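Undergrad: Before I ask anything, here is the structure I am working with.
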Amino acid sequence: MSDLAIVVLAAGKGTRMKSELPKVLHRAAGRSLLAHVLHAAKDLAPSRAVVVAGPGMDNVAAEATSIFPQAVCAVQNERLGTGHAVSMAREHLSGFNGTVLILYGDVPLITAESLRGLTALVTTQHPLAVLGFEAADPHGYGRLIRNALGDVVAIREQLDATLEERQITLCNSGIIAISAGLLWNLLPKIKNSNAKGEYYLTDLVELGAIAGSACGLAICPESEVAGVNDRVQLAGIEATLQTAYRRKHLLNGATLTAPDTVFFSADTVIGRDVVIEPSVVFGPGVSVADNVEILAFSHLEGTQIGQGARIGPFARLRPGAQIGDAAHIGNFVEVKKAVIGHGAKANHLTYIGDARVGPRTNIGAGTITCNYDGYEKHLTDIGENVFVGSNTALVAPVKIGDGASIAAGSVITRDIPADALAMTRPGLDVRPGWAARNREIKAARKAAKRKS
Ligand code: UD1
Ligand code: MG
C-alpha cells in the first residue's frame, strides 16, 4: 500500500455539547473521541497526521501528539465547510504524495478494518474512494449518487437533493480516501454555491468524475459512523463501547458475574481466568494478569495487577499502583504510585501512597503512609517480611528494614533497621475497680437530683 497520511476534521465547536471543552475531547470508555479515531487510524501506520482544529483548541493538539508524536494541528479560523477544513491541512502535507485519508474527529466507532478496506481501494484506476453505509433513516446525510454502471459519481447533501435523490438510502459516512495529487488539484475547484453556502468536501466526487477519475466505494455498518453532537449521543457511544468491551473480555476468558455493571476503558487488558464481581470500574491504563479476582465495588486506574492477586471488595487503585503476584488488597484500601511486592497484604482500611511494600509484608488495618507534608510528596520504603501493626502512621520519608515489626498504634518518624521492633505508645494505666466505683457514684448523684 502507498504511503498514508490522515487528516482528522475537528474544528466543530460542538455547541450542542454545552461545554467549554472541544467536542472531540469528550471521553467515552476512558478515551477522548479524537483518541478513538486516532487509534483506529494508527492501525494503518500512517506516516503523517494532521488534525484540523478550531481557534484556541490547543488542548486538541496536545491530545493528538500524545497518540501520534508526529501529528500536527492545522487551525481553521472560520468554519466554511468540510472542503475548506481539509484545505487547511495542505501546507502541513507539502511533499506528501501518497494517499490522504480524511476522518471526522466526532465519529469514534469507526474501525481500522473499515478504514483499511477503504484505503485499499485507492489505486491508479480509482484515485479516490468513499466510505458509504446503508442508513435506516437517511435524513440529514449526503446521498451517494451512482450512474447506470453503479459507480459513485456525486454526493448530494440533504438540502441540495431532489425528492427522488432523497429516496436513496446509501449514504456518505464523510470518510474519504484520495491520492494527494488529485486532492490538491480538485480542492481549489470546490465552490460554495449550495444551500448551506459551504465548501463541501463531498464535491470532490463529482469534480473527479467530470475529470475522468472514477470513485471507489467501500461499505461499512451504520453503527460505525455514529457521530456525537450532544451528550445523549455521547452516552449512546459509551453504552455501545461498553457492550462491546464486556463481550470481548468475556470471550477472552474473564468471568463477569454481572457484566452490565462493569465498566471498562478502551485500553483495559484482562488476562485469563480473571473473575470480576459486580460494579467494578476500570479507568484508563489498567492491566490485569491471569487468575486475578477483583471483588465488587472496586475502582481501578493506571494500575498493573500481577497473577493471582485478590483486589477488593471496595478497593481503590490509583495511577502508579503496581500490585505483585498473589498480593491481597482488601476493603477500603487505597493504593497510589506504589509497588506492592508479591504475596504482600493490605487487607483493611489503609492508604498506601508513594511507597514500596516488599514481598510478603503484612500491612495492618488502618495503616497510613503520611506521604504529604503540605508541600511535597515523600517516599515510604517498606522491606520484605515486615509486620506493620494496625493503626500505624508511617511519616515519610521513612524506611522500614526487612523483617521489622511495628507495634500497633505507632507513629514512625525515623528509619527502622531490619528485624527491629519499633513502638511508640503512651504508657498503659490500669486502675482495678475504678469503673464499678464510678458507676455507683454517678448513679447516686443522679438519684439525689431527681428527688430534690
Ligand atoms: C457531512 C457530509 C455528509 C455526510 C455527513 C456524515 C459534507 C459536505 N457533508 O455532513 O455527506 O453524510 O457528514 O455525518 O461533508 N468540520 C470542520 N470544519 C468545517 C465543517 C465541518 O472541521 O468547516 C468537521 C466537523 O467538526 C465534523 C465534520 O467536519 O467533525 C463533519 O461536519 P458536519 O457539519 O457534521 O457535516 P454534515 O453536515 O453532517
Ligand atoms: Mg454531521
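Just so we're on the same page: first chain in the C-alpha cells is A, next is B, and so on; residues restart at 1 for each chain, and ligands are numbered from 1 in the order they show up.
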Kindly assemble as a tab-separated table a list of the chain A residues that lie within 9 Å of ligand 2, each paired with its nearest atom pair and their distance in Å to one decimal, using only C-alpha atoms and all ligand atoms, sorted first by chain and then by ascending residue number.
TA:
```
residue	atom	partner	partner_atom_place_in_ligand_line	distance
A:Asp106	CA	ligand 2	1 (Mg)	8.6
A:Gly140	CA	ligand 2	1 (Mg)	8.1
A:Tyr141	CA	ligand 2	1 (Mg)	7.8
A:Gly174	CA	ligand 2	1 (Mg)	8.6
A:Gly227	CA	ligand 2	1 (Mg)	6.8
A:Val228	CA	ligand 2	1 (Mg)	8.2
A:Asn229	CA	ligand 2	1 (Mg)	7.6
```
Undergrad: Residues of chain A that approach ligand 1 to 6 Å or less, counting only C-alpha atoms and all ligand atoms: could you list each one with the shortest pair of atoms and its distance in Å to one decimal, rows by chain and increasing residue number, as a tab-separated table?
TA:
```
residue	atom	partner	partner_atom_place_in_ligand_line	distance
A:Leu9	CA	ligand 1	22 (O)	4.2
A:Ala10	CA	ligand 1	26 (O)	4.4
A:Ala11	CA	ligand 1	22 (O)	3.6
A:Gly12	CA	ligand 1	26 (O)	3.3
A:Arg79	CA	ligand 1	23 (O)	3.5
A:Leu80	CA	ligand 1	23 (O)	4.3
A:Gly81	CA	ligand 1	23 (O)	3.4
A:Thr82	CA	ligand 1	20 (C)	4.2
A:Ala85	CA	ligand 1	18 (N)	4.7
A:Tyr104	CA	ligand 1	30 (O)	4.4
A:Gly105	CA	ligand 1	30 (O)	5.2
A:Asp106	CA	ligand 1	30 (O)	5.1
A:Tyr141	CA	ligand 1	12 (O)	3.5
A:Gly142	CA	ligand 1	11 (O)	3.4
A:Glu157	CA	ligand 1	11 (O)	5.6
A:Cys171	CA	ligand 1	12 (O)	5.9
A:Asn172	CA	ligand 1	12 (O)	4.2
A:Ser173	CA	ligand 1	6 (C)	4.5
A:Gly174	CA	ligand 1	4 (C)	4.6
A:Tyr200	CA	ligand 1	8 (C)	3.9
A:Leu201	CA	ligand 1	15 (O)	5.0
A:Thr202	CA	ligand 1	15 (O)	5.2
```
Undergrad: Using the chain letters and numbers from this document, which residues of range 114-158 of chain A does DSSP assign to strand (DSSP E), as a list of chain:residue names?
TA: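 Strand (DSSP E) members of range 114-158 of chain A, listed: A:Leu128, A:Ala129, A:Val130, A:Leu131, A:Gly132, A:Phe133, A:Glu134, A:Arg143, A:Leu144, A:Ile145, A:Arg146, A:Val152, A:Val153, A:Ala154, A:Ile155, A:Arg156.
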Undergrad: Name the residues in contact with Ala112 in chain A at a cut-off of 8 Å, using only C-alpha atoms, excluding same-chain residues fewer than 3 positions from it; report them as an MDAnalysis selection string.
TA: chainID A and resid 40:41 43:44 115:116
Undergrad: Which residues of range 103-148 of chain A come within 10 Å of range 235-254 of chain A, and for each one, what is the closest pair of atoms and their distance in Å to one decimal, counting only C-alpha atoms, sorted by chain and residue number, as a tab-separated table?
TA:
```
residue	atom	partner	partner_atom	distance
A:Val107	CA	A:Ile237	CA	9.5
A:Pro108	CA	A:Ile237	CA	8.1
A:Leu109	CA	A:Ile237	CA	7.7
```
Undergrad: Write out as an MDAnalysis selection string which residues come within 9 Å of Val398 in chain A when counting only C-alpha atoms, dropping same-chain ones fewer than 3 positions away.
TA: chainID A and resid 378:382 394:395 412:416
Undergrad: Could you please take those selected residues and save N, CA, C and O atoms as an mmCIF file, in the first residue's frame?
TA:
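Full text of out_16.cif as output:
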```cif
data_model
loop_
_atom_site.group_PDB
_atom_site.id
_atom_site.type_symbol
_atom_site.label_atom_id
_atom_site.label_comp_id
_atom_site.auth_asym_id
_atom_site.auth_seq_id
_atom_site.Cartn_x
_atom_site.Cartn_y
_atom_site.Cartn_z
ATOM 1 N N HIS A 378 6.576 12.447 49.739
ATOM 2 C CA HIS A 378 7.779 11.712 50.124
ATOM 3 C C HIS A 378 7.518 10.209 50.104
ATOM 4 O O HIS A 378 6.382 9.767 50.216
ATOM 5 N N LEU A 379 8.622 9.461 50.014
ATOM 6 C CA LEU A 379 8.551 8.017 49.835
ATOM 7 C C LEU A 379 8.550 7.244 51.162
ATOM 8 O O LEU A 379 9.305 7.580 52.068
ATOM 9 N N THR A 380 7.746 6.213 51.211
ATOM 10 C CA THR A 380 7.800 5.255 52.314
ATOM 11 C C THR A 380 8.317 3.940 51.722
ATOM 12 O O THR A 380 7.720 3.415 50.781
ATOM 13 N N ASP A 381 9.430 3.479 52.256
ATOM 14 C CA ASP A 381 10.050 2.283 51.697
ATOM 15 C C ASP A 381 10.016 1.166 52.741
ATOM 16 O O ASP A 381 10.733 1.221 53.733
ATOM 17 N N ILE A 382 9.175 0.180 52.524
ATOM 18 C CA ILE A 382 8.987 -0.908 53.488
ATOM 19 C C ILE A 382 9.596 -2.176 52.888
ATOM 20 O O ILE A 382 9.279 -2.545 51.758
ATOM 21 N N LEU A 394 3.018 6.008 59.106
ATOM 22 C CA LEU A 394 4.404 5.977 58.629
ATOM 23 C C LEU A 394 4.679 7.346 58.017
ATOM 24 O O LEU A 394 4.168 7.671 56.942
ATOM 25 N N VAL A 395 5.433 8.172 58.722
ATOM 26 C CA VAL A 395 5.611 9.556 58.295
ATOM 27 C C VAL A 395 6.800 9.646 57.335
ATOM 28 O O VAL A 395 7.947 9.526 57.746
ATOM 29 N N ILE A 412 5.635 6.354 63.138
ATOM 30 C CA ILE A 412 7.043 6.088 62.812
ATOM 31 C C ILE A 412 7.616 7.289 62.048
ATOM 32 O O ILE A 412 7.206 7.586 60.934
ATOM 33 N N THR A 413 8.571 7.947 62.670
ATOM 34 C CA THR A 413 9.123 9.165 62.075
ATOM 35 C C THR A 413 10.605 9.014 61.701
ATOM 36 O O THR A 413 11.213 9.936 61.194
ATOM 37 N N ARG A 414 11.190 7.857 62.043
ATOM 38 C CA ARG A 414 12.604 7.616 61.713
ATOM 39 C C ARG A 414 12.729 6.259 61.032
ATOM 40 O O ARG A 414 11.856 5.391 61.206
ATOM 41 N N ASP A 415 13.850 6.043 60.327
ATOM 42 C CA ASP A 415 14.083 4.744 59.691
ATOM 43 C C ASP A 415 14.225 3.665 60.757
ATOM 44 O O ASP A 415 14.821 3.886 61.812
ATOM 45 N N ILE A 416 13.695 2.473 60.443
ATOM 46 C CA ILE A 416 13.742 1.357 61.401
ATOM 47 C C ILE A 416 14.645 0.283 60.795
ATOM 48 O O ILE A 416 14.431 -0.134 59.654
#
```
Undergrad: Got a sec: who's within 9 Å of Met88 in chain A, counting only C-alpha atoms, leaving out chain neighbours fewer than 4 positions off, as a list in words?
TA: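 Those residues are Val52, Ala74, Val75, Gln76, His84 and His92 of chain A.
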Undergrad: Let's have the selection written as a CSV table (one decimal), in the first residue's frame, with C-alpha atoms.
TA:
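So the final result, stored in again27.csv, reads:
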```
chain,number,residue,atom,x,y,z
A,52,VAL,CA,-7.8,20.4,11.8
A,74,ALA,CA,-3.9,23.0,11.5
A,75,VAL,CA,-6.2,25.8,12.6
A,76,GLN,CA,-9.4,26.6,10.7
A,84,HIS,CA,-12.4,24.3,3.4
A,92,HIS,CA,1.3,20.5,6.6
```
Undergrad: What's around Arg310 in chain A at 8 Å? Count only C-alpha atoms, leave out sequence neighbours fewer than 3 positions away in its own chain, and write the answer as number ranges by chain.
TA: A: 292-295, 326-330
Undergrad: Keeping N, CA and C atoms, export the residues of the selection given above as a PDB file, in the first residue's frame.
TA:
```pdb
ATOM      1  N   VAL A 292      -6.605 -13.438  38.498  1.00  0.00           N
ATOM      2  CA  VAL A 292      -6.843 -12.374  39.489  1.00  0.00           C
ATOM      3  C   VAL A 292      -8.331 -12.346  39.822  1.00  0.00           C
ATOM      4  N   GLU A 293      -8.640 -12.024  41.080  1.00  0.00           N
ATOM      5  CA  GLU A 293     -10.040 -11.820  41.472  1.00  0.00           C
ATOM      6  C   GLU A 293     -10.219 -10.349  41.811  1.00  0.00           C
ATOM      7  N   ILE A 294     -11.198  -9.713  41.197  1.00  0.00           N
ATOM      8  CA  ILE A 294     -11.491  -8.322  41.542  1.00  0.00           C
ATOM      9  C   ILE A 294     -12.901  -8.303  42.110  1.00  0.00           C
ATOM     10  N   LEU A 295     -12.980  -8.083  43.410  1.00  0.00           N
ATOM     11  CA  LEU A 295     -14.262  -8.206  44.085  1.00  0.00           C
ATOM     12  C   LEU A 295     -15.071  -6.910  43.965  1.00  0.00           C
ATOM     13  N   ALA A 326      -0.079 -12.575  43.585  1.00  0.00           N
ATOM     14  CA  ALA A 326      -0.658 -13.150  44.812  1.00  0.00           C
ATOM     15  C   ALA A 326      -0.786 -12.158  45.965  1.00  0.00           C
ATOM     16  N   ALA A 327      -0.672 -10.891  45.682  1.00  0.00           N
ATOM     17  CA  ALA A 327      -0.871  -9.895  46.754  1.00  0.00           C
ATOM     18  C   ALA A 327      -2.371  -9.735  47.023  1.00  0.00           C
ATOM     19  N   HIS A 328      -2.703  -9.264  48.235  1.00  0.00           N
ATOM     20  CA  HIS A 328      -4.110  -9.024  48.579  1.00  0.00           C
ATOM     21  C   HIS A 328      -4.303  -7.558  48.943  1.00  0.00           C
ATOM     22  N   ILE A 329      -5.243  -6.932  48.269  1.00  0.00           N
ATOM     23  CA  ILE A 329      -5.591  -5.545  48.592  1.00  0.00           C
ATOM     24  C   ILE A 329      -7.068  -5.571  48.950  1.00  0.00           C
ATOM     25  N   GLY A 330      -7.373  -5.319  50.199  1.00  0.00           N
ATOM     26  CA  GLY A 330      -8.738  -5.574  50.666  1.00  0.00           C
ATOM     27  C   GLY A 330      -9.642  -4.359  50.683  1.00  0.00           C
TER      28      GLY A 330
END
```
Undergrad: With a distance cut-off of 12 Å and only C-alpha atoms, select the neighbouring residues of Ala211 in chain A, excluding the residue or stretch itself and same-chain residues fewer than 6 positions from it, and output the selection as an MDAnalysis selection string.
TA: chainID A and resid 127 153 182 185:186 189 204:205
Undergrad: Could you dump the residues just selected with all heavy atoms as a PDB file, in the first residue's frame?
TA:
```pdb
ATOM      1  N   PRO A 127      -8.547   6.905  -8.091  1.00  0.00           N
ATOM      2  CA  PRO A 127      -7.684   7.737  -7.221  1.00  0.00           C
ATOM      3  C   PRO A 127      -8.418   8.271  -5.986  1.00  0.00           C
ATOM      4  O   PRO A 127      -7.787   8.887  -5.139  1.00  0.00           O
ATOM      5  CB  PRO A 127      -7.220   8.869  -8.142  1.00  0.00           C
ATOM      6  CG  PRO A 127      -8.149   8.864  -9.296  1.00  0.00           C
ATOM      7  CD  PRO A 127      -8.851   7.547  -9.372  1.00  0.00           C
ATOM      8  N   VAL A 153     -20.869   8.788  -8.646  1.00  0.00           N
ATOM      9  CA  VAL A 153     -20.464   9.920  -9.493  1.00  0.00           C
ATOM     10  C   VAL A 153     -20.695  11.263  -8.806  1.00  0.00           C
ATOM     11  O   VAL A 153     -20.224  12.301  -9.295  1.00  0.00           O
ATOM     12  CB  VAL A 153     -21.200   9.898 -10.863  1.00  0.00           C
ATOM     13  CG1 VAL A 153     -20.674   8.746 -11.716  1.00  0.00           C
ATOM     14  CG2 VAL A 153     -22.714   9.800 -10.671  1.00  0.00           C
ATOM     15  N   LEU A 182      -4.523  14.252  -6.598  1.00  0.00           N
ATOM     16  CA  LEU A 182      -5.883  14.591  -7.029  1.00  0.00           C
ATOM     17  C   LEU A 182      -6.552  15.533  -6.019  1.00  0.00           C
ATOM     18  O   LEU A 182      -7.256  16.476  -6.395  1.00  0.00           O
ATOM     19  CB  LEU A 182      -6.711  13.307  -7.196  1.00  0.00           C
ATOM     20  CG  LEU A 182      -8.111  13.514  -7.788  1.00  0.00           C
ATOM     21  CD1 LEU A 182      -8.020  14.012  -9.242  1.00  0.00           C
ATOM     22  CD2 LEU A 182      -8.942  12.235  -7.725  1.00  0.00           C
ATOM     23  N   ASN A 185      -5.358  19.029  -6.423  1.00  0.00           N
ATOM     24  CA  ASN A 185      -5.769  19.514  -7.731  1.00  0.00           C
ATOM     25  C   ASN A 185      -7.252  19.921  -7.710  1.00  0.00           C
ATOM     26  O   ASN A 185      -7.632  20.971  -8.237  1.00  0.00           O
ATOM     27  CB  ASN A 185      -5.487  18.389  -8.749  1.00  0.00           C
ATOM     28  CG  ASN A 185      -6.011  18.710 -10.138  1.00  0.00           C
ATOM     29  OD1 ASN A 185      -6.323  19.857 -10.455  1.00  0.00           O
ATOM     30  ND2 ASN A 185      -6.115  17.691 -10.968  1.00  0.00           N
ATOM     31  N   LEU A 186      -8.099  19.091  -7.068  1.00  0.00           N
ATOM     32  CA  LEU A 186      -9.550  19.348  -7.117  1.00  0.00           C
ATOM     33  C   LEU A 186     -10.039  20.328  -6.048  1.00  0.00           C
ATOM     34  O   LEU A 186     -11.017  21.048  -6.264  1.00  0.00           O
ATOM     35  CB  LEU A 186     -10.325  18.036  -6.959  1.00  0.00           C
ATOM     36  CG  LEU A 186     -10.194  16.988  -8.072  1.00  0.00           C
ATOM     37  CD1 LEU A 186     -11.073  15.781  -7.751  1.00  0.00           C
ATOM     38  CD2 LEU A 186     -10.589  17.577  -9.441  1.00  0.00           C
ATOM     39  N   LYS A 189     -11.077  23.804  -6.717  1.00  0.00           N
ATOM     40  CA  LYS A 189     -12.194  23.938  -7.667  1.00  0.00           C
ATOM     41  C   LYS A 189     -13.551  23.867  -6.982  1.00  0.00           C
ATOM     42  O   LYS A 189     -14.580  24.102  -7.619  1.00  0.00           O
ATOM     43  CB  LYS A 189     -12.097  22.839  -8.737  1.00  0.00           C
ATOM     44  CG  LYS A 189     -10.803  22.955  -9.532  1.00  0.00           C
ATOM     45  CD  LYS A 189     -10.723  21.938 -10.642  1.00  0.00           C
ATOM     46  CE  LYS A 189      -9.424  22.163 -11.415  1.00  0.00           C
ATOM     47  NZ  LYS A 189      -8.861  20.954 -11.966  1.00  0.00           N
ATOM     48  N   LEU A 204     -15.793  16.737  -4.235  1.00  0.00           N
ATOM     49  CA  LEU A 204     -14.643  16.084  -4.876  1.00  0.00           C
ATOM     50  C   LEU A 204     -15.083  14.977  -5.817  1.00  0.00           C
ATOM     51  O   LEU A 204     -14.480  14.755  -6.872  1.00  0.00           O
ATOM     52  CB  LEU A 204     -13.731  15.435  -3.814  1.00  0.00           C
ATOM     53  CG  LEU A 204     -12.856  16.304  -2.934  1.00  0.00           C
ATOM     54  CD1 LEU A 204     -12.090  15.411  -1.964  1.00  0.00           C
ATOM     55  CD2 LEU A 204     -11.900  17.127  -3.785  1.00  0.00           C
ATOM     56  N   VAL A 205     -16.135  14.269  -5.417  1.00  0.00           N
ATOM     57  CA  VAL A 205     -16.555  13.091  -6.184  1.00  0.00           C
ATOM     58  C   VAL A 205     -17.043  13.499  -7.572  1.00  0.00           C
ATOM     59  O   VAL A 205     -16.615  12.934  -8.589  1.00  0.00           O
ATOM     60  CB  VAL A 205     -17.633  12.297  -5.408  1.00  0.00           C
ATOM     61  CG1 VAL A 205     -18.175  11.149  -6.250  1.00  0.00           C
ATOM     62  CG2 VAL A 205     -17.058  11.781  -4.091  1.00  0.00           C
TER      63      VAL A 205
END
```
Undergrad: Using only C-alpha atoms, find the one residue out of A:Ser223, A:Thr123, A:Asn97, A:Asn77 that sits nearest to Ala5 in chain A.
TA: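 Going through A:Ser223, A:Thr123, A:Asn97, A:Asn77 one by one, the smallest distance to Ala5 in chain A is for A:Asn97.
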Undergrad: Restrict the calculation to only C-alpha atoms, then for each residue of range 248-311 of chain A with any atom at most 10 Å from an atom of range 339-362 of chain A give the closest atom pair and their distance in Å to one decimal, rows by chain and rising residue number, as JSON lines.
TA:
```
{"residue": "A:Gln304", "atom": "CA", "partner": "A:Val339", "partner_atom": "CA", "distance": 9.6}
{"residue": "A:Ile305", "atom": "CA", "partner": "A:Ile340", "partner_atom": "CA", "distance": 9.6}
{"residue": "A:Gly306", "atom": "CA", "partner": "A:His342", "partner_atom": "CA", "distance": 8.1}
{"residue": "A:Gln307", "atom": "CA", "partner": "A:His342", "partner_atom": "CA", "distance": 9.3}
{"residue": "A:Gly308", "atom": "CA", "partner": "A:Gly343", "partner_atom": "CA", "distance": 9.4}
{"residue": "A:Ala309", "atom": "CA", "partner": "A:Gly343", "partner_atom": "CA", "distance": 8.1}
{"residue": "A:Arg310", "atom": "CA", "partner": "A:Lys345", "partner_atom": "CA", "distance": 9.5}
{"residue": "A:Ile311", "atom": "CA", "partner": "A:Asn347", "partner_atom": "CA", "distance": 9.1}
```
Undergrad: Go through A:Glu334, A:Glu222, A:Asp151, A:Glu384 one by one, measure the shortest atom-to-atom distance of each to Ala365 in chain A using only C-alpha atoms, and give the residue with the smallest value.
TA: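 Looking at the shortest contact to Ala365 in chain A, the residue is A:Glu334.
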Undergrad: Which residue, A:Pro284, A:Gly197, A:Pro426, A:Gly271, has the smallest gap to Leu300 in chain A when you use only C-alpha atoms?
TA: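 Looking at the shortest contact to Leu300 in chain A, the residue is A:Pro284.
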Undergrad: For each of A:Gly283, A:Gly117, A:Gly364, A:Pro432, take the minimum atom-to-atom distance to Ala29 in chain A, counting only C-alpha atoms, then give the residue where this is smallest.
TA: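 When distances to Ala29 in chain A are compared using only C-alpha atoms, the smallest one comes from A:Gly283.
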Undergrad: Hey, which of A:Val130, A:Asn385, A:Glu440, A:Ala447 ends up closest to Asp419 in chain A? Count only C-alpha atoms.
TA: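 Distance minimum relative to Asp419 in chain A lands on A:Asn385.
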Undergrad: For CA of Gly95 in chain A and CA of Ser213 in chain A, determine how far apart the two atoms are, in Å to one decimal place.
TA: 22.0 Å
Undergrad: Between CA of Ala195 in chain A and CA of Ile145 in chain A, measure the distance and give it in Å to one decimal.
TA: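 These atoms are spaced 17.8 Å apart.
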